[in-house]
file input19.csv (CSV, C-alpha atoms)
chain,number,residue,atom,x,y,z
P,1,MET,CA,179.9,15.3,122.7
P,2,LEU,CA,180.3,15.5,126.5
P,3,THR,CA,179.7,12.2,128.2
P,4,PRO,CA,178.3,11.9,131.8
P,5,HIS,CA,181.8,10.8,132.9
P,6,ILE,CA,183.4,14.0,131.5
P,7,LEU,CA,180.7,16.1,133.0
P,8,HIS,CA,181.2,14.5,136.4
P,9,ILE,CA,185.0,15.2,136.2
P,10,ALA,CA,184.2,18.8,135.2
P,11,LEU,CA,181.9,19.1,138.2
P,12,GLU,CA,184.7,17.8,140.5
P,13,ILE,CA,187.2,20.3,139.1
P,14,ALA,CA,184.7,23.2,139.4
P,15,SER,CA,183.9,22.2,143.0
P,16,GLY,CA,187.6,22.2,143.7
P,17,GLY,CA,187.9,25.7,142.2
P,18,ILE,CA,185.2,27.0,144.6
P,19,VAL,CA,187.1,25.5,147.5
P,20,GLY,CA,190.4,26.9,146.4
P,21,PHE,CA,188.9,30.4,145.8
P,22,THR,CA,187.6,30.6,149.3
P,23,LEU,CA,190.9,29.4,150.7
P,24,GLY,CA,192.9,32.1,148.8
P,25,LEU,CA,190.3,34.8,149.6
P,26,VAL,CA,189.7,34.4,153.3
P,27,GLY,CA,192.2,31.6,154.4
P,28,GLY,CA,189.3,29.4,155.5
P,29,GLY,CA,186.1,27.8,154.4
P,30,GLY,CA,187.8,25.2,152.2
P,31,SER,CA,186.4,22.2,154.0
P,32,ILE,CA,183.3,24.0,155.0
P,33,LEU,CA,182.5,23.9,151.3
P,34,ALA,CA,184.5,20.8,150.3
P,35,VAL,CA,182.7,18.3,152.5
P,36,PRO,CA,179.1,19.2,151.5
P,37,LEU,CA,180.2,19.6,147.8
P,38,MET,CA,181.7,16.1,147.9
P,39,VAL,CA,178.7,14.6,149.7
P,40,TYR,CA,175.7,16.4,148.1
P,41,LEU,CA,177.0,17.6,144.7
P,42,VAL,CA,179.7,15.1,143.6
P,43,GLY,CA,177.8,12.2,145.3
P,44,VAL,CA,180.4,10.7,147.6
P,45,PRO,CA,178.2,8.2,149.6
P,46,ASN,CA,180.5,7.8,152.7
P,47,ALA,CA,180.9,10.9,154.9
P,48,HIS,CA,184.2,9.7,156.2
P,49,VAL,CA,185.6,9.4,152.7
P,50,ALA,CA,184.4,12.9,152.0
P,51,ILE,CA,186.1,14.2,155.1
P,52,GLY,CA,189.4,12.4,154.5
P,53,THR,CA,189.5,13.4,150.8
P,54,SER,CA,188.6,17.0,151.5
P,55,ALA,CA,191.4,17.2,154.1
P,56,LEU,CA,194.0,16.2,151.5
P,57,SER,CA,192.6,18.5,148.9
P,58,VAL,CA,192.4,21.5,151.2
P,59,SER,CA,195.9,21.0,152.6
P,60,ILE,CA,197.5,21.0,149.1
P,61,ASN,CA,195.4,24.0,148.0
P,62,ALA,CA,196.4,25.8,151.2
P,63,LEU,CA,200.1,25.4,150.2
P,64,VAL,CA,199.3,26.9,146.8
P,65,GLY,CA,197.7,29.9,148.5
P,66,LEU,CA,200.5,30.2,151.0
P,67,ALA,CA,203.0,30.5,148.1
P,68,HIS,CA,201.0,33.5,146.7
P,69,HIS,CA,200.7,35.2,150.2
P,70,ALA,CA,204.4,34.6,150.9
P,71,ARG,CA,205.3,36.4,147.7
P,72,ASN,CA,203.1,39.3,148.8
P,73,LYS,CA,204.8,39.2,152.3
P,74,THR,CA,201.5,38.8,154.2
P,75,VAL,CA,202.7,35.8,156.2
P,76,LYS,CA,203.9,36.1,159.8
P,77,TRP,CA,206.0,33.0,160.0
P,78,ARG,CA,206.7,32.8,163.7
P,79,CYS,CA,203.0,32.9,164.6
P,80,ALA,CA,202.4,30.4,161.8
P,81,GLY,CA,205.0,28.0,163.3
P,82,ILE,CA,203.7,28.2,166.8
P,83,PHE,CA,200.0,27.8,165.8
P,84,ALA,CA,200.7,24.9,163.4
P,85,LEU,CA,203.0,23.0,165.8
P,86,CYS,CA,200.5,23.1,168.7
P,87,GLY,CA,197.7,22.3,166.4
P,88,VAL,CA,199.1,19.1,164.7
P,89,GLY,CA,198.8,17.1,168.0
P,90,GLY,CA,195.3,18.3,168.4
P,91,ALA,CA,194.4,17.4,164.8
P,92,PHE,CA,195.5,13.8,165.4
P,93,LEU,CA,193.5,13.6,168.6
P,94,GLY,CA,190.4,15.1,166.9
P,95,ALA,CA,190.6,12.8,163.9
P,96,SER,CA,190.7,9.7,166.2
P,97,LEU,CA,187.5,10.9,167.9
P,98,GLY,CA,185.8,11.9,164.7
P,99,LYS,CA,186.3,8.5,163.0
P,100,ALA,CA,184.6,6.8,166.0
P,101,MET,CA,181.4,8.7,165.4
P,102,ASP,CA,178.6,7.9,162.9
P,103,GLY,CA,179.0,9.9,159.7
P,104,LYS,CA,175.5,11.3,159.7
P,105,HIS,CA,175.8,12.6,163.2
P,106,LEU,CA,179.2,14.1,162.3
P,107,LEU,CA,177.8,16.1,159.4
P,108,LEU,CA,175.0,17.4,161.7
P,109,LEU,CA,177.6,18.6,164.3
P,110,PHE,CA,179.7,20.1,161.5
P,111,ALA,CA,176.7,22.1,160.3
P,112,ILE,CA,176.0,23.4,163.9
P,113,LEU,CA,179.6,24.4,164.2
P,114,MET,CA,179.4,26.3,160.9
P,115,ILE,CA,176.5,28.4,162.2
P,116,GLY,CA,178.4,29.3,165.3
P,117,VAL,CA,181.4,30.3,163.2
P,118,GLY,CA,179.2,32.4,160.9
P,119,VAL,CA,177.9,34.3,163.9
P,120,LEU,CA,181.4,35.0,165.1
P,121,MET,CA,182.5,36.2,161.7
P,122,ILE,CA,179.7,38.7,161.5
P,123,ARG,CA,180.4,40.0,165.0
P,124,GLY,CA,184.0,40.6,164.2
P,125,ARG,CA,183.7,41.9,160.7
P,126,HIS,CA,184.8,45.5,161.6
P,127,ASN,CA,188.0,44.5,163.4
P,128,THR,CA,190.9,46.0,161.5
P,129,GLY,CA,193.8,44.8,163.7
P,130,CYS,CA,197.3,46.2,164.2
P,131,PRO,CA,199.6,46.0,161.2
P,132,GLY,CA,202.8,45.6,163.4
P,133,ALA,CA,201.3,42.8,165.5
P,134,SER,CA,203.5,39.6,166.1
P,135,CYS,CA,203.9,36.7,168.4
P,136,ASN,CA,206.0,37.3,171.5
P,137,ARG,CA,206.4,36.0,175.1
P,138,GLN,CA,203.3,37.7,176.3
P,139,ASN,CA,200.9,36.3,173.8
P,140,ALA,CA,202.6,33.0,173.0
P,141,PRO,CA,200.6,30.9,175.5
P,142,LYS,CA,197.4,32.3,174.1
P,143,VAL,CA,198.5,31.5,170.5
P,144,MET,CA,199.5,28.0,171.6
P,145,GLY,CA,196.1,27.4,173.3
P,146,TYR,CA,194.2,28.6,170.2
P,147,GLY,CA,196.4,26.4,168.0
P,148,PHE,CA,195.8,23.2,170.0
P,149,GLY,CA,192.0,23.8,170.3
P,150,THR,CA,191.6,24.6,166.7
P,151,GLY,CA,193.7,21.5,165.8
P,152,VAL,CA,191.3,19.3,167.8
P,153,LEU,CA,188.3,20.7,165.9
P,154,SER,CA,190.1,20.5,162.6
P,155,GLY,CA,190.8,16.8,163.0
P,156,PHE,CA,187.4,16.0,164.5
P,157,PHE,CA,185.5,17.4,161.6
P,158,GLY,CA,188.1,16.9,158.9
P,159,ILE,CA,188.4,20.6,158.2
P,160,GLY,CA,191.5,22.7,157.3
P,161,GLY,CA,190.4,24.9,160.2
P,162,GLY,CA,191.2,28.3,158.5
P,163,PHE,CA,187.8,29.7,159.4
P,164,LEU,CA,188.7,29.2,163.0
P,165,ILE,CA,192.5,29.9,162.7
P,166,VAL,CA,191.9,33.4,161.2
P,167,PRO,CA,189.8,34.7,164.0
P,168,GLY,CA,192.1,32.8,166.5
P,169,LEU,CA,195.2,34.6,165.2
P,170,MET,CA,193.4,37.9,165.2
P,171,ALA,CA,192.2,37.4,168.8
P,172,SER,CA,195.5,36.2,170.2
P,173,THR,CA,197.8,38.7,168.4
P,174,SER,CA,195.6,41.5,167.1
P,175,MET,CA,197.0,41.2,163.5
P,176,PRO,CA,195.0,42.5,160.5
P,177,ILE,CA,192.8,40.0,158.7
P,178,LEU,CA,195.0,40.0,155.6
P,179,ASN,CA,198.0,38.9,157.6
P,180,ALA,CA,195.8,36.4,159.5
P,181,VAL,CA,194.6,34.9,156.2
P,182,GLY,CA,198.2,34.4,154.8
P,183,THR,CA,199.5,33.1,158.2
P,184,SER,CA,196.6,30.7,158.7
P,185,LEU,CA,197.4,28.8,155.5
P,186,VAL,CA,200.5,27.3,157.2
P,187,ALA,CA,198.3,25.8,159.9
P,188,VAL,CA,195.6,24.8,157.4
P,189,ALA,CA,198.1,22.8,155.4
P,190,ALA,CA,199.6,21.2,158.6
P,191,PHE,CA,196.2,20.3,160.1
P,192,GLY,CA,194.9,19.0,156.8
P,193,LEU,CA,197.9,16.7,156.2
P,194,SER,CA,197.7,15.4,159.8
P,195,THR,CA,194.0,14.6,159.3
P,196,THR,CA,194.7,13.1,155.9
P,197,LEU,CA,197.3,10.7,157.3
P,198,SER,CA,194.9,9.5,159.9
P,199,TYR,CA,192.0,8.9,157.5
P,200,MET,CA,194.3,7.5,154.8
P,201,LEU,CA,195.5,4.8,157.2
P,202,SER,CA,191.8,3.8,157.6
P,203,GLY,CA,191.2,3.8,153.8
P,204,TYR,CA,189.1,6.9,153.8
P,205,VAL,CA,190.7,8.8,150.9
P,206,ASN,CA,189.5,8.9,147.3
P,207,TRP,CA,192.7,9.7,145.3
P,208,GLN,CA,191.1,10.3,141.9
P,209,LEU,CA,188.6,12.8,143.4
P,210,ALA,CA,191.3,14.4,145.5
P,211,GLY,CA,193.3,15.0,142.3
P,212,MET,CA,190.4,16.7,140.5
P,213,PHE,CA,189.7,18.9,143.6
P,214,ILE,CA,193.4,19.9,143.8
P,215,LEU,CA,193.5,20.8,140.1
P,216,GLY,CA,190.5,23.0,140.3
P,217,GLY,CA,191.6,24.3,143.7
P,218,ALA,CA,195.0,25.5,142.4
P,219,ILE,CA,193.3,27.7,139.8
P,220,GLY,CA,190.7,29.0,142.2
P,221,CYS,CA,193.3,29.7,145.0
P,222,SER,CA,195.3,31.9,142.6
P,223,ILE,CA,192.3,34.0,141.8
P,224,GLY,CA,191.1,34.1,145.4
P,225,THR,CA,194.5,35.3,146.7
P,226,LYS,CA,194.5,38.2,144.2
P,227,ALA,CA,190.9,39.1,145.2
P,228,SER,CA,191.9,39.0,148.9
P,229,ARG,CA,194.5,41.7,148.4
P,230,ALA,CA,192.1,43.8,146.3
P,231,LEU,CA,189.3,43.6,148.8
P,232,ALA,CA,191.5,44.0,152.0
P,233,GLY,CA,190.1,47.4,152.6
P,234,SER,CA,186.4,46.2,152.5
P,235,THR,CA,186.8,43.2,154.8
P,236,GLY,CA,183.6,43.8,156.6
P,237,ARG,CA,181.5,43.4,153.5
P,238,LEU,CA,183.5,40.4,152.3
P,239,THR,CA,183.2,38.7,155.7
P,240,THR,CA,179.4,39.3,155.8
P,241,VAL,CA,178.9,37.7,152.4
P,242,PHE,CA,181.0,34.7,153.3
P,243,ALA,CA,179.2,34.3,156.6
P,244,GLY,CA,175.9,34.3,154.7
P,245,LEU,CA,177.2,31.5,152.5
P,246,ILE,CA,178.1,29.5,155.6
P,247,PHE,CA,174.6,29.9,156.9
P,248,VAL,CA,173.1,28.7,153.6
P,249,VAL,CA,175.3,25.6,153.4
P,250,ALA,CA,174.8,24.8,157.1
P,251,ALA,CA,171.0,25.0,156.8
P,252,TYR,CA,171.1,22.7,153.8
P,253,MET,CA,173.4,20.2,155.6
P,254,ILE,CA,171.1,20.2,158.6
P,255,TRP,CA,168.1,19.6,156.4
P,256,GLN,CA,169.8,16.7,154.6
P,257,GLY,CA,171.1,15.3,157.9
P,258,VAL,CA,167.7,15.3,159.6
P,259,HIS,CA,166.1,13.8,156.5
P,260,GLN,CA,168.6,10.9,156.5
P,261,LEU,CA,168.2,10.3,160.2
P,262,MET,CA,164.4,10.2,159.9
P,263,GLY,CA,164.6,8.0,156.8
call {"tool": "encode", "arguments": {"input": "input19.csv", "output": "structure tokens"}}
result
Amino acid sequence: MLTPHILHIALEIASGGIVGFTLGLVGGGGSILAVPLMVYLVGVPNAHVAIGTSALSVSINALVGLAHHARNKTVKWRCAGIFALCGVGGAFLGASLGKAMDGKHLLLLFAILMIGVGVLMIRGRHNTGCPGASCNRQNAPKVMGYGFGTGVLSGFFGIGGGFLIVPGLMASTSMPILNAVGTSLVAVAAFGLSTTLSYMLSGYVNWQLAGMFILGGAIGCSIGTKASRALAGSTGRLTTVFAGLIFVVAAYMIWQGVHQLMG
């Protein structure tokens, strides 16, 4: 007979699987889903704990996805290194700012950011990119700027940042989305670990929950990476569906946040 405790663990693993699947599929969306799943589905009462724990889970799952993409040779390592290196400093700065804010307000801002990202994803859904694109002297400053800015947002909201990194890499280098997905996972892992360290030092990481999310995420990430390669030719449709999911989750978070503030 399944006890409530076992069912709750299964819920945590399943939630992690959803997060891992989106990371493997589109290189982002991990924390967009992880934070609300932890707060509203798993029942983590402290928004800062949810953010710190999700950052750890997403960073580990990103490394799992990166291994799959590396085997498929869809990672542009030079771009990944520049983006991640510039973003780590920004992530530490963003995390310091984020912890100073009230958790309820943080979740509301997070939801508003999600809506903006969803709009950007829909607008750029037909961008195919240039297969031979890479980082060079001409575009390096642009890549560095995107890296630092994305790092600040990643640390502030406790997100891996992949949903910002992927369009950032495409905008600064014109690489195809499949390469941007694989390349972004290096920065997602780096940003997530930087944010985790900051939140861990403040006691905002639930290690048991992180373990369950990582377990489920490893399974989901493997499936998502395979699906990403299979659907690379129909990116527009995939991006539209994922943006729609962002809008639904964001609307629910805004409703919850307003309800809590009014209550």
call {"tool": "atom_distance", "arguments": {"input": "input19.csv", "atom1": "CA of Gln260 in chain P", "atom2": "CA of Asn46 in chain P"}}
result
12.9 Å
call {"tool": "atom_distance", "arguments": {"input": "input19.csv", "atom1": "CA of Thr196 in chain P", "atom2": "CA of Trp255 in chain P"}}
result
27.4 Å
call {"tool": "closest_residue", "arguments": {"input": "input19.csv", "among": "P:Thr173, P:Gly244, P:Ala250, P:Arg71", "to": "Pro141 in chain P", "atoms": "only C-alpha atoms"}}
result
P:Thr173
call {"tool": "closest_atom_pairs", "arguments": {"input": "input19.csv", "of": "range 64-161 of chain P", "to": "range 204-227 of chain P", "cutoff": "7 Å", "atoms": "only C-alpha atoms", "output": "Markdown table"}}
result
| residue | atom | partner | partner_atom | distance |
| --- | --- | --- | --- | --- |
| P:Val64 | CA | P:Ala218 | CA | 6.3 |
| P:Gly65 | CA | P:Cys221 | CA | 5.6 |
| P:His68 | CA | P:Thr225 | CA | 6.7 |
call {"tool": "write_last_selection", "arguments": {"input": "input19.csv", "atoms": "C-alpha atoms", "output": "mmCIF file, in the frame of the given file"}}
result
data_model
loop_
_atom_site.group_PDB
_atom_site.id
_atom_site.type_symbol
_atom_site.label_atom_id
_atom_site.label_comp_id
_atom_site.auth_asym_id
_atom_site.auth_seq_id
_atom_site.Cartn_x
_atom_site.Cartn_y
_atom_site.Cartn_z
ATOM 1 C CA VAL P 64 199.300 26.900 146.800
ATOM 2 C CA GLY P 65 197.700 29.900 148.500
ATOM 3 C CA HIS P 68 201.000 33.500 146.700
#
call {"tool": "residues_around", "arguments": {"input": "input19.csv", "residues": "Pro36 in chain P", "least_positions_apart": "4", "cutoff": "8 Å", "atoms": "only C-alpha atoms", "output": "list in words"}}
result
Ile32, Tyr40, Leu41, Val249 and Met253 of chain P
call {"tool": "residues_around", "arguments": {"input": "input19.csv", "residues": "Val181 in chain P", "least_positions_apart": "6", "cutoff": "6 Å", "atoms": "all atoms listed in the file", "output": "number ranges by chain"}}
result
P: 26-27, 166
call {"tool": "closest_residue", "arguments": {"input": "input19.csv", "among": "P:His8, P:Lys99, P:Arg125, P:His259", "to": "Pro176 in chain P", "atoms": "only C-alpha atoms"}}
result
P:Arg125
call {"tool": "residues_around", "arguments": {"input": "input19.csv", "residues": "Ala55 in chain P", "least_positions_apart": "5", "cutoff": "12 Å", "atoms": "only C-alpha atoms", "output": "number ranges by chain"}}
result
P: 19, 29-35, 38, 48-50, 60-62, 91, 95, 154-162, 188-200, 204-207, 209-210, 213-214
call {"tool": "build_atoms", "arguments": {"input": "input19.csv", "residues": "range 14-31 of chain P", "atoms": "N, CA and C atoms", "output": "short mmCIF file (atom, residue, chain, number, x, y, z; two decimals), in the coordinates of the input"}}
result
data_model
loop_
_atom_site.label_atom_id
_atom_site.label_comp_id
_atom_site.auth_asym_id
_atom_site.auth_seq_id
_atom_site.Cartn_x
_atom_site.Cartn_y
_atom_site.Cartn_z
N ALA P 14 185.34 21.93 139.06
CA ALA P 14 184.70 23.20 139.40
C ALA P 14 184.46 23.30 140.89
N SER P 15 184.09 22.20 141.54
CA SER P 15 183.90 22.20 143.00
C SER P 15 185.22 22.53 143.69
N GLY P 16 186.30 21.93 143.19
CA GLY P 16 187.60 22.20 143.70
C GLY P 16 187.99 23.68 143.56
N GLY P 17 187.57 24.25 142.43
CA GLY P 17 187.90 25.70 142.20
C GLY P 17 187.18 26.56 143.19
N ILE P 18 185.95 26.22 143.55
CA ILE P 18 185.20 27.00 144.60
C ILE P 18 185.94 26.93 145.91
N VAL P 19 186.38 25.71 146.26
CA VAL P 19 187.10 25.50 147.50
C VAL P 19 188.41 26.31 147.53
N GLY P 20 189.17 26.22 146.44
CA GLY P 20 190.40 26.90 146.40
C GLY P 20 190.26 28.45 146.40
N PHE P 21 189.19 28.93 145.77
CA PHE P 21 188.90 30.40 145.80
C PHE P 21 188.69 30.89 147.16
N THR P 22 187.87 30.16 147.95
CA THR P 22 187.60 30.60 149.30
C THR P 22 188.85 30.55 150.19
N LEU P 23 189.70 29.54 149.97
CA LEU P 23 190.90 29.40 150.70
C LEU P 23 191.85 30.64 150.44
N GLY P 24 192.01 30.98 149.17
CA GLY P 24 192.90 32.10 148.80
C GLY P 24 192.27 33.43 149.25
N LEU P 25 190.94 33.52 149.26
CA LEU P 25 190.30 34.80 149.60
C LEU P 25 190.27 35.07 151.07
N VAL P 26 189.86 34.10 151.89
CA VAL P 26 189.70 34.40 153.30
C VAL P 26 190.53 33.41 154.21
N GLY P 27 191.35 32.52 153.61
CA GLY P 27 192.20 31.60 154.40
C GLY P 27 191.43 30.50 155.06
N GLY P 28 190.13 30.42 154.85
CA GLY P 28 189.30 29.40 155.50
C GLY P 28 188.12 29.06 154.62
N GLY P 29 187.29 28.18 155.12
CA GLY P 29 186.10 27.80 154.40
C GLY P 29 186.30 26.72 153.39
N GLY P 30 187.55 26.27 153.22
CA GLY P 30 187.80 25.20 152.20
C GLY P 30 187.02 23.96 152.50
N SER P 31 187.16 23.40 153.69
CA SER P 31 186.40 22.20 154.00
C SER P 31 184.99 22.41 154.36
#
